[in-house]
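Below is one structure, written out as structure tokens, with a few remarks after it.
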Amino acid sequence: MAAVYCDNNATTPLDPQVLEAMLPFLRECFGNPSSPHRYGQRAKDAIETARGHVGALLGCPPERLIFTCSGSEGNNTAILGAVLADPAKRRVVTSAVEHHCVLRRLEYLRDHLGVEVVFLPVNAQGRLDLDQLAAAITPDTALVSLMGANNETGVLWPITDIARLVKAKGVLFHCDAVQLAGKEPFSIKSLPADYLTISGHKFHGPKGAGALYVRRGAPFTPLLFGGMQEFGRRAGTQNVAGIVGFGKAAELARAFLAVGGHERLRELRDHLEGRIVAEIEDVVIHGGQSPRIANTISVGVGGAPQEILLEELNERDFAVSTTSACESTSAAPSHVLAAMGVSDRYLRGTLRLSLSRMNTIEEVEAFMVVFPQAVAAARRLSG
């Protein structure tokens, strides 16, 4: 059987329809969208069409979207702009399990600008206590920044309830929805966020194209200064081909969700998870008792070091991961699992399996042929 890819939370395969949409803008439609001639105008029109598709996926006016190069850029832009908006407000509330681009930006603001940062804990199932969140929001709070779905465990938070709680206290709210968009239905119409970040390569679009939603009236400071691209909110010549592909991916994701594709994906995930639990001894599903996005399994395997599991599976052409791709070269254990209080037995024996609409039942069955073998080999080699 061909190689099987199960690391879709890191990035997804490019949908062939997305590639076809991009190709003209890598070849003959090469104009700069800021140029006044027809080459530039065609590129500009393509960007605005893509903006419409992304806006339709999120349920927001297209003009509220700023195209970025990544989720990390969008998160950094939102956080910095909110903190700079009011010098009297020097407190930010977030969680201990955010993506590192959020945590490290906030740590920098804390260490260099004196911003107070509150890192809310989670329980053993990765859930956030909303009473603790409410208590942490004080009059000098500039921003609450919380993710919609965890990139490692897939745990979903009640992000609409969270947003309403934050807004009721008159505080700005930012949501990192990178792992949520295109995987679960939601709409900004019912989610009162001031800022929301997504990235196209998480739902079969190209890498290098993301978007930041900014609510009308929300304070904003550009991260990049220069020209008047993106309505003067993000300087730099736009990645036209990438944005076109991002727009096409958003259109396809919206269609996928409209017909309940995420529920079929959940059934595939649950089938795989059920077999793992039934056929392999001494395993735990991190966050397994919490609501999760449809595609993600974080499985801790007792007595099986994750580096050996990865090597055994990679040799058999199965692509999985242990944590966020951004942190895959670090020897430190997952900060998400540590925050959940996962014991050492499973902390360093965890794999993240993340599926997409392109995975099949045949691939799942093939995985369950080799995974028990990989676990046995890892346990044997670790002594």
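Following the order of the structure tokens, chains are lettered A, B, ..., residues in each are numbered from 1, and ligands are numbered from 1.
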Problem set entry | helix (DSSP H, G or I) per DSSP on the backbone: members of stretch 90-256 of chain A, as a PyMOL selection string | chain A and resi 100-113+130-136+159-168+200-203+229-232+240-256
For this session: Within 10 Å of A:Arg51, counting only C-alpha atoms, which residues show up once you throw out same-chain ones fewer than 2 positions away? Write them as number ranges by chain, please.
Result: A: 45-49, 53-57, 61-67, 211, 243-244, 246-248, 250
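Within stretch 41-136 of chain A, the backbone-based DSSP assignment of strand (DSSP E) covers Leu65, Ile66, Phe67, Thr68, Arg91, Val92, Val93, Thr94, Ser95, Glu116, Val117, Val118, Phe119 and Leu120 of chain A.
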Write out, as CSV, each residue of stretch 92-208 of chain A that has an atom at most 6 Å from stretch 330-348 of chain A, together with the closest pair of atoms and their distance in Å to one decimal, counting only C-alpha atoms, rows going by chain and rising number.
residue,atom,partner,partner_atom,distance
A:Val97,CA,A:Val336,CA,4.8
A:Asn123,CA,A:Met340,CA,5.6
A:Ala124,CA,A:Met340,CA,4.6
A:Gly126,CA,A:Met340,CA,5.8
Just write the chosen residues, C-alpha atoms, as a PDB file, in the first residue's frame.
ATOM      1  CA  VAL A  97      -2.278  25.218  26.308  1.00  0.00           C
ATOM      2  CA  ASN A 123      -8.215  20.068  33.816  1.00  0.00           C
ATOM      3  CA  ALA A 124      -7.166  16.496  33.047  1.00  0.00           C
ATOM      4  CA  GLY A 126      -8.132  19.695  28.630  1.00  0.00           C
TER       5      GLY A 126
END
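Of the listed residues (A:Lys167, A:Leu310, A:Ala10, A:Glu73), A:Leu310 comes nearest to A:Ala378; the distances count only C-alpha atoms.
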For this session: Identify which of the residues A:Leu180, A:Asp7, A:Thr68, A:Pro121 lies closest to A:Gly208, counting only C-alpha atoms when measuring atom-to-atom distances.
Result: A:Thr68
Problem set entry | Given only C-alpha atoms as the counted atoms, nearest of A:Gly242, A:Gln289, A:Thr77, A:Asp270 to A:Arg127 |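 Closest residue, counting only C-alpha atoms: A:Gln289.
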Exercise. What is the atom CA of A:Asn32 to atom CA of A:Ala235 distance in Å?
Worked result: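 Those two atoms sit 13.4 Å apart.
For the residues A:Gly81, A:Pro87, A:Gly260, A:Gly170, ranking by smallest atom-to-atom distance to A:Arg357 using only C-alpha atoms places A:Gly260 first.
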A:Ala85 environment, 9 Å, only C-alpha atoms, sequence neighbours closer than 6 positions dropped, as a compact mmCIF listing (two decimals) with C-alpha atoms, in the first residue's frame:
# COMPACT_ATOMS: atom_id res chain seq x y z
CA ALA A 142 -6.71 44.56 27.51
CA PRO A 219 -8.50 48.66 17.60
CA PHE A 220 -5.85 47.66 15.11
CA THR A 221 -2.14 48.30 14.59
Problem set entry | d(atom CA of A:Leu109, atom CA of A:Leu146) in Å |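 The value is 16.7 Å.
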